[in-house]
Amino acid sequence: MEIIKVHHPYDAKDIYQGDIVLVLGFFDGVHRGHQAVIDKGIQLAEENNMKCAVMTFNRHPAFVYRNFDPDNLNYLTPLDRKEEIMSHLGVDILYEVAFTSKFGSLSPQTFVDEYIVGWNAKIVVAGFDYTYGKAHIANMDTLHSYAKGRFDIVKVNKKMDEKDKISSTRIRRYISEAKIGQANELLGYIYETSGFVIHGDARGRDLGYPTANIYPHPYVMVPKRGVYAVKMHVNNEWHDGMASIGYNPTFGHRPNYSIEVHLFDFSEDIYGEDVQVKWVDYLRDEIKFNSVDELIERLDQDQIEAKESLAKVKINQI
Ligand SMILES: Cc1cc2nc3c(=O)[nH]c(=O)nc-3n(C[C@H](O)[C@H](O)[C@H](O)COP(=O)(O)O)c2cc1C
Ligand SMILES: Nc1ncnc2c1ncn2[C@@H]1O[C@H](COP(=O)(O)OP(=O)(O)OP(=O)(O)O)[C@@H](O)[C@H]1O
């Protein structure tokens, strides 16, 4: 997959010169609803012998339009993760447009002329509720009047599960409530947090459960406090483990939460390594134990439960 970073006004020589199917959306999470839209774009591109390009933004438009919900400042997928998933889905070109106020205040007609027609899009694909601009000044129905017959428009229907629309907002809510299984179901892959390994208080090894303390990516959503069965990617390999997100109340409440991962059968020194943690299953809430022995007993039990849970999952490519 080719990644093309664009800043308004763009330089025409940076744009792919052939005809494309262009898929529109921010796609935070690249969940099953988003995947349906992208798959449609890929299918149409194959049928018409064109490349499938996706237009996304380096940051959420809400930062420019000032309409973000402060609870939703964290992404499900920071840009590098989005790139990875898009590439896996089979997208040919990912355009990452810097969402600045100049770009965000283009009229719908200018947006269409410069960013759809100017990019040689012959077919535009988006979801049923795609909107453009501040106060959603253009949508999938009004797009026809700006297209002026220069490209076809394909609207993808709402993808639902048995309850409701599959949406990033729902997935964020599940993650913040530790309903990780439900979040993973809507994502179509196991939710992941990236970061790198930092030093903790070096207490874990005395408990018989050494932990890698993770400093998470600053813009990525961390699940609710609690204990989880996880898979962690480090040094090109996935390992099974269990993680705690919390304040270590047994040892006096820390001022900030920590993310600590204990990998089973692992003893390498990995400080400073980049890691990805996949949140497979929620096991329990964090507990203030009356003694260290009680904590250790519980960790023994957690390990059994985490292994049971991990034995059931298969990691797909994303
Ligand atoms: C799977 C797992 C579950 C944990 N559960 C709890 C808990 O319920 N209560 C608690 O106070 N600490 C819990 N801890 C955190 C330990 O107290 C922590 O790993 C230990 O203090 C080591 O911290 P350090 O890495 O900063 O040395 C848990 C750790 C792991 C890996
Ligand atoms: N459940 C869904 N079914 C079909 N299309 C969807 C679904 N969810 C989002 N889309 C479409 O995918 C594209 C990406 O959406 P974008 O991230 O910009 O907005 P969104 O609708 O707010 O997504 P979400 O609701 O998940 O936050 C848009 O074209 C949107 O209409």
# chains A, B, ... in the order shown; residues from 1 in each chain; ligands from 1

$ select_by_dssp --residues "range 68-279 of chain A" --states "helix (DSSP H, G or I)" --output "ChimeraX atom specification"
/A:70-72,79-89,101-104,108-117,134-136,143-147,168-176,180-187,204-207,249-251

$ residues_around --residues "range 257-270 of chain A" --least-positions-apart "6" --cutoff "9 Å" --atoms "only C-alpha atoms" --output "ChimeraX atom specification"
/A:197-198,200,204,209-216,222,225,230-232,234-235,239-248,277,303

$ write_last_selection --atoms "C-alpha atoms" --output "PDB file, in the first residue's frame"
ATOM      1  CA  VAL A 197       8.288  -0.640  28.000  1.00  0.00           C
ATOM      2  CA  ILE A 198       9.391   1.539  30.915  1.00  0.00           C
ATOM      3  CA  GLY A 200       8.175   0.128  37.225  1.00  0.00           C
ATOM      4  CA  GLY A 204       6.658  -7.660  40.424  1.00  0.00           C
ATOM      5  CA  TYR A 209       5.193 -12.213  38.493  1.00  0.00           C
ATOM      6  CA  PRO A 210       7.596  -9.759  36.851  1.00  0.00           C
ATOM      7  CA  THR A 211       5.772  -7.223  34.727  1.00  0.00           C
ATOM      8  CA  ALA A 212       6.607  -5.026  31.755  1.00  0.00           C
ATOM      9  CA  ASN A 213       5.228  -1.569  32.515  1.00  0.00           C
ATOM     10  CA  ILE A 214       3.838  -0.025  29.355  1.00  0.00           C
ATOM     11  CA  TYR A 215       3.903   3.673  28.515  1.00  0.00           C
ATOM     12  CA  PRO A 216       0.989   3.877  26.093  1.00  0.00           C
ATOM     13  CA  VAL A 222      -6.748   2.449  27.205  1.00  0.00           C
ATOM     14  CA  ARG A 225      -9.058  -0.426  34.980  1.00  0.00           C
ATOM     15  CA  VAL A 230      -3.608 -10.385  26.719  1.00  0.00           C
ATOM     16  CA  LYS A 231      -1.284 -11.114  23.872  1.00  0.00           C
ATOM     17  CA  MET A 232       1.741  -8.870  23.582  1.00  0.00           C
ATOM     18  CA  VAL A 234       7.561  -7.653  21.254  1.00  0.00           C
ATOM     19  CA  ASN A 235      10.685  -8.310  19.185  1.00  0.00           C
ATOM     20  CA  HIS A 239       3.415 -13.855  23.599  1.00  0.00           C
ATOM     21  CA  ASP A 240       0.582 -14.846  25.925  1.00  0.00           C
ATOM     22  CA  GLY A 241       0.169 -13.045  29.213  1.00  0.00           C
ATOM     23  CA  MET A 242      -2.028 -11.230  31.676  1.00  0.00           C
ATOM     24  CA  ALA A 243      -2.177  -7.527  32.363  1.00  0.00           C
ATOM     25  CA  SER A 244      -3.292  -5.167  35.043  1.00  0.00           C
ATOM     26  CA  ILE A 245      -4.466  -1.621  34.408  1.00  0.00           C
ATOM     27  CA  GLY A 246      -4.711   0.173  37.708  1.00  0.00           C
ATOM     28  CA  TYR A 247      -3.279   1.832  40.747  1.00  0.00           C
ATOM     29  CA  ASN A 248      -1.795  -1.149  42.664  1.00  0.00           C
ATOM     30  CA  VAL A 277      -0.906  -5.289  23.660  1.00  0.00           C
ATOM     31  CA  GLN A 303      -2.889 -17.056  35.270  1.00  0.00           C
TER      32      GLN A 303
END

$ closest_residue --among "A:Lys5, A:Lys148, A:Lys82, A:Lys314" --to "ligand 2" --atoms "only C-alpha atoms and all ligand atoms"
A:Lys82

$ residues_near_ligand --ligand "ligand 2" --cutoff "8 Å" --atoms "only C-alpha atoms and all ligand atoms" --output "PDB file with N, CA and C atoms, in the first residue's frame"
ATOM      1  N   VAL A  23     -12.569   6.008  -1.493  1.00  0.00           N
ATOM      2  CA  VAL A  23     -13.423   5.708  -0.345  1.00  0.00           C
ATOM      3  C   VAL A  23     -13.238   6.810   0.692  1.00  0.00           C
ATOM      4  N   LEU A  24     -14.355   7.351   1.191  1.00  0.00           N
ATOM      5  CA  LEU A  24     -14.278   8.528   2.075  1.00  0.00           C
ATOM      6  C   LEU A  24     -14.661   8.213   3.514  1.00  0.00           C
ATOM      7  N   GLY A  25     -13.898   8.754   4.471  1.00  0.00           N
ATOM      8  CA  GLY A  25     -14.264   8.598   5.880  1.00  0.00           C
ATOM      9  C   GLY A  25     -13.062   8.762   6.781  1.00  0.00           C
ATOM     10  N   PHE A  26     -13.296   9.030   8.059  1.00  0.00           N
ATOM     11  CA  PHE A  26     -12.174   9.129   8.988  1.00  0.00           C
ATOM     12  C   PHE A  26     -11.721   7.736   9.444  1.00  0.00           C
ATOM     13  N   PHE A  27     -12.679   6.864   9.664  1.00  0.00           N
ATOM     14  CA  PHE A  27     -12.408   5.448   9.944  1.00  0.00           C
ATOM     15  C   PHE A  27     -11.656   5.187  11.240  1.00  0.00           C
ATOM     16  N   ASP A  28     -12.027   5.841  12.314  1.00  0.00           N
ATOM     17  CA  ASP A  28     -11.362   5.493  13.583  1.00  0.00           C
ATOM     18  C   ASP A  28     -11.813   4.103  14.018  1.00  0.00           C
ATOM     19  N   GLY A  29     -10.867   3.215  14.171  1.00  0.00           N
ATOM     20  CA  GLY A  29     -11.161   1.835  14.568  1.00  0.00           C
ATOM     21  C   GLY A  29     -11.175   0.885  13.382  1.00  0.00           C
ATOM     22  N   VAL A  30     -11.455   1.430  12.189  1.00  0.00           N
ATOM     23  CA  VAL A  30     -11.612   0.564  11.006  1.00  0.00           C
ATOM     24  C   VAL A  30     -12.423  -0.691  11.394  1.00  0.00           C
ATOM     25  N   HIS A  31     -13.605  -0.440  11.966  1.00  0.00           N
ATOM     26  CA  HIS A  31     -14.440  -1.545  12.465  1.00  0.00           C
ATOM     27  C   HIS A  31     -15.200  -2.227  11.333  1.00  0.00           C
ATOM     28  N   ARG A  32     -16.070  -3.176  11.688  1.00  0.00           N
ATOM     29  CA  ARG A  32     -16.739  -3.978  10.652  1.00  0.00           C
ATOM     30  C   ARG A  32     -17.626  -3.127   9.750  1.00  0.00           C
ATOM     31  N   GLY A  33     -18.191  -2.032  10.281  1.00  0.00           N
ATOM     32  CA  GLY A  33     -18.964  -1.109   9.433  1.00  0.00           C
ATOM     33  C   GLY A  33     -18.048  -0.435   8.416  1.00  0.00           C
ATOM     34  N   HIS A  34     -16.908   0.046   8.898  1.00  0.00           N
ATOM     35  CA  HIS A  34     -15.918   0.666   8.003  1.00  0.00           C
ATOM     36  C   HIS A  34     -15.381  -0.355   6.990  1.00  0.00           C
ATOM     37  N   GLN A  35     -15.158  -1.569   7.481  1.00  0.00           N
ATOM     38  CA  GLN A  35     -14.597  -2.605   6.593  1.00  0.00           C
ATOM     39  C   GLN A  35     -15.548  -2.910   5.439  1.00  0.00           C
ATOM     40  N   ALA A  36     -16.868  -2.813   5.708  1.00  0.00           N
ATOM     41  CA  ALA A  36     -17.852  -3.065   4.645  1.00  0.00           C
ATOM     42  C   ALA A  36     -17.718  -1.994   3.557  1.00  0.00           C
ATOM     43  N   VAL A  37     -17.488  -0.751   3.986  1.00  0.00           N
ATOM     44  CA  VAL A  37     -17.347   0.354   3.031  1.00  0.00           C
ATOM     45  C   VAL A  37     -16.051   0.177   2.224  1.00  0.00           C
ATOM     46  N   ILE A  38     -14.979  -0.148   2.921  1.00  0.00           N
ATOM     47  CA  ILE A  38     -13.679  -0.304   2.248  1.00  0.00           C
ATOM     48  C   ILE A  38     -13.696  -1.516   1.307  1.00  0.00           C
ATOM     49  N   VAL A 125     -16.989   5.989  -2.978  1.00  0.00           N
ATOM     50  CA  VAL A 125     -17.726   5.082  -2.101  1.00  0.00           C
ATOM     51  C   VAL A 125     -17.697   5.660  -0.685  1.00  0.00           C
ATOM     52  N   ALA A 126     -18.863   5.691  -0.045  1.00  0.00           N
ATOM     53  CA  ALA A 126     -18.901   6.094   1.375  1.00  0.00           C
ATOM     54  C   ALA A 126     -20.119   5.476   2.025  1.00  0.00           C
ATOM     55  N   GLY A 127     -20.153   5.555   3.330  1.00  0.00           N
ATOM     56  CA  GLY A 127     -21.284   4.999   4.074  1.00  0.00           C
ATOM     57  C   GLY A 127     -22.501   5.891   3.931  1.00  0.00           C
ATOM     58  N   PHE A 128     -23.631   5.322   4.322  1.00  0.00           N
ATOM     59  CA  PHE A 128     -24.931   6.005   4.179  1.00  0.00           C
ATOM     60  C   PHE A 128     -24.954   7.343   4.916  1.00  0.00           C
ATOM     61  N   ASP A 129     -24.163   7.479   5.998  1.00  0.00           N
ATOM     62  CA  ASP A 129     -24.268   8.709   6.789  1.00  0.00           C
ATOM     63  C   ASP A 129     -23.031   9.605   6.655  1.00  0.00           C
ATOM     64  N   TYR A 130     -22.297   9.438   5.565  1.00  0.00           N
ATOM     65  CA  TYR A 130     -21.113  10.281   5.362  1.00  0.00           C
ATOM     66  C   TYR A 130     -21.536  11.746   5.191  1.00  0.00           C
ATOM     67  N   THR A 131     -20.838  12.626   5.884  1.00  0.00           N
ATOM     68  CA  THR A 131     -21.112  14.055   5.681  1.00  0.00           C
ATOM     69  C   THR A 131     -19.800  14.780   5.444  1.00  0.00           C
ATOM     70  N   VAL A 156     -22.958   2.898   0.729  1.00  0.00           N
ATOM     71  CA  VAL A 156     -23.015   1.587   1.393  1.00  0.00           C
ATOM     72  C   VAL A 156     -24.015   1.661   2.553  1.00  0.00           C
ATOM     73  N   ASN A 157     -24.872   0.653   2.619  1.00  0.00           N
ATOM     74  CA  ASN A 157     -25.914   0.653   3.660  1.00  0.00           C
ATOM     75  C   ASN A 157     -25.355   0.463   5.054  1.00  0.00           C
ATOM     76  N   LYS A 158     -26.193   0.851   6.001  1.00  0.00           N
ATOM     77  CA  LYS A 158     -25.812   0.759   7.420  1.00  0.00           C
ATOM     78  C   LYS A 158     -25.516  -0.682   7.813  1.00  0.00           C
ATOM     79  N   LYS A 159     -24.352  -0.906   8.385  1.00  0.00           N
ATOM     80  CA  LYS A 159     -24.011  -2.249   8.869  1.00  0.00           C
ATOM     81  C   LYS A 159     -24.348  -2.309  10.362  1.00  0.00           C
ATOM     82  N   MET A 160     -25.188  -3.273  10.698  1.00  0.00           N
ATOM     83  CA  MET A 160     -25.677  -3.386  12.075  1.00  0.00           C
ATOM     84  C   MET A 160     -25.264  -4.748  12.650  1.00  0.00           C
ATOM     85  N   LYS A 165     -26.362   0.076  15.146  1.00  0.00           N
ATOM     86  CA  LYS A 165     -25.321   0.381  14.160  1.00  0.00           C
ATOM     87  C   LYS A 165     -23.942   0.053  14.748  1.00  0.00           C
ATOM     88  N   ILE A 166     -23.093  -0.495  13.937  1.00  0.00           N
ATOM     89  CA  ILE A 166     -21.702  -0.697  14.367  1.00  0.00           C
ATOM     90  C   ILE A 166     -21.013   0.658  14.266  1.00  0.00           C
ATOM     91  N   SER A 167     -20.551   1.188  15.383  1.00  0.00           N
ATOM     92  CA  SER A 167     -19.960   2.531  15.336  1.00  0.00           C
ATOM     93  C   SER A 167     -18.788   2.640  16.306  1.00  0.00           C
ATOM     94  N   SER A 168     -17.901   3.579  16.003  1.00  0.00           N
ATOM     95  CA  SER A 168     -16.725   3.803  16.861  1.00  0.00           C
ATOM     96  C   SER A 168     -17.161   4.222  18.253  1.00  0.00           C
ATOM     97  N   THR A 169     -18.231   4.987  18.321  1.00  0.00           N
ATOM     98  CA  THR A 169     -18.713   5.471  19.615  1.00  0.00           C
ATOM     99  C   THR A 169     -19.139   4.299  20.504  1.00  0.00           C
ATOM    100  N   ARG A 170     -19.833   3.348  19.909  1.00  0.00           N
ATOM    101  CA  ARG A 170     -20.255   2.170  20.679  1.00  0.00           C
ATOM    102  C   ARG A 170     -19.043   1.373  21.148  1.00  0.00           C
TER     103      ARG A 170
END

$ closest_residue --among "A:Val292, A:Val220, A:Val124, A:Ala62" --to "Thr250 in chain A" --atoms "only C-alpha atoms"
A:Val292

$ closest_residue --among "A:His60, A:His217, A:Lys40, A:Arg66" --to "Lys155 in chain A" --atoms "only C-alpha atoms"
A:Lys40

$ closest_residue --among "A:Val64, A:Leu22, A:Ile93, A:Leu299" --to "ligand 1" --atoms "only C-alpha atoms and all ligand atoms"
A:Leu299

$ residues_around --residues "Ile318 in chain A" --least-positions-apart "2" --cutoff "10 Å" --atoms "only C-alpha atoms" --output "VMD selection string"
chain A and resid 81 84 to 89 188 to 192 315 to 316

$ closest_residue --among "A:Trp238, A:Asp201, A:Tyr228, A:Tyr271" --to "ligand 1" --atoms "only C-alpha atoms and all ligand atoms"
A:Asp201

$ atom_distance --atom1 "atom 9 (N, counted along the ligand's line) of ligand 1" --atom2 "CA of Gly252 in chain A"
10.0 Å

$ residues_around --residues "Lys134 in chain A" --least-positions-apart "6" --cutoff "10 Å" --atoms "only C-alpha atoms" --output "ChimeraX atom specification"
/A:61-62,64-67,104-107

$ write_last_selection --atoms "N, CA, C and O atoms" --output "compact mmCIF listing (two decimals), in the first residue's frame"
# COMPACT_ATOMS: atom_id res chain seq x y z
N PRO A 61 -11.48 15.64 12.33
CA PRO A 61 -11.97 16.98 11.97
C PRO A 61 -12.51 17.75 13.18
O PRO A 61 -12.49 18.99 13.18
N ALA A 62 -12.94 17.04 14.20
CA ALA A 62 -13.51 17.71 15.37
C ALA A 62 -12.51 18.68 16.02
O ALA A 62 -12.91 19.65 16.66
N VAL A 64 -10.63 20.75 14.53
CA VAL A 64 -10.73 22.02 13.82
C VAL A 64 -12.12 22.62 14.00
O VAL A 64 -12.28 23.82 14.22
N TYR A 65 -13.13 21.77 13.96
CA TYR A 65 -14.50 22.27 14.08
C TYR A 65 -14.92 22.51 15.54
O TYR A 65 -16.02 22.95 15.80
N ARG A 66 -14.05 22.15 16.48
CA ARG A 66 -14.32 22.34 17.91
C ARG A 66 -15.60 21.66 18.38
O ARG A 66 -16.33 22.20 19.21
N ASN A 67 -15.92 20.53 17.80
CA ASN A 67 -17.12 19.85 18.26
C ASN A 67 -16.80 18.46 18.81
O ASN A 67 -17.58 17.55 18.71
N GLY A 104 -10.50 22.35 6.11
CA GLY A 104 -11.84 22.12 6.67
C GLY A 104 -12.84 23.19 6.29
O GLY A 104 -14.04 23.00 6.50
N SER A 105 -12.36 24.33 5.76
CA SER A 105 -13.33 25.36 5.40
C SER A 105 -13.52 25.46 3.88
O SER A 105 -14.13 26.41 3.39
N LEU A 106 -13.00 24.49 3.16
CA LEU A 106 -13.26 24.49 1.70
C LEU A 106 -14.76 24.29 1.48
O LEU A 106 -15.41 23.54 2.22
N SER A 107 -15.29 24.94 0.46
CA SER A 107 -16.71 24.73 0.15
C SER A 107 -16.86 23.30 -0.39
O SER A 107 -15.89 22.74 -0.92
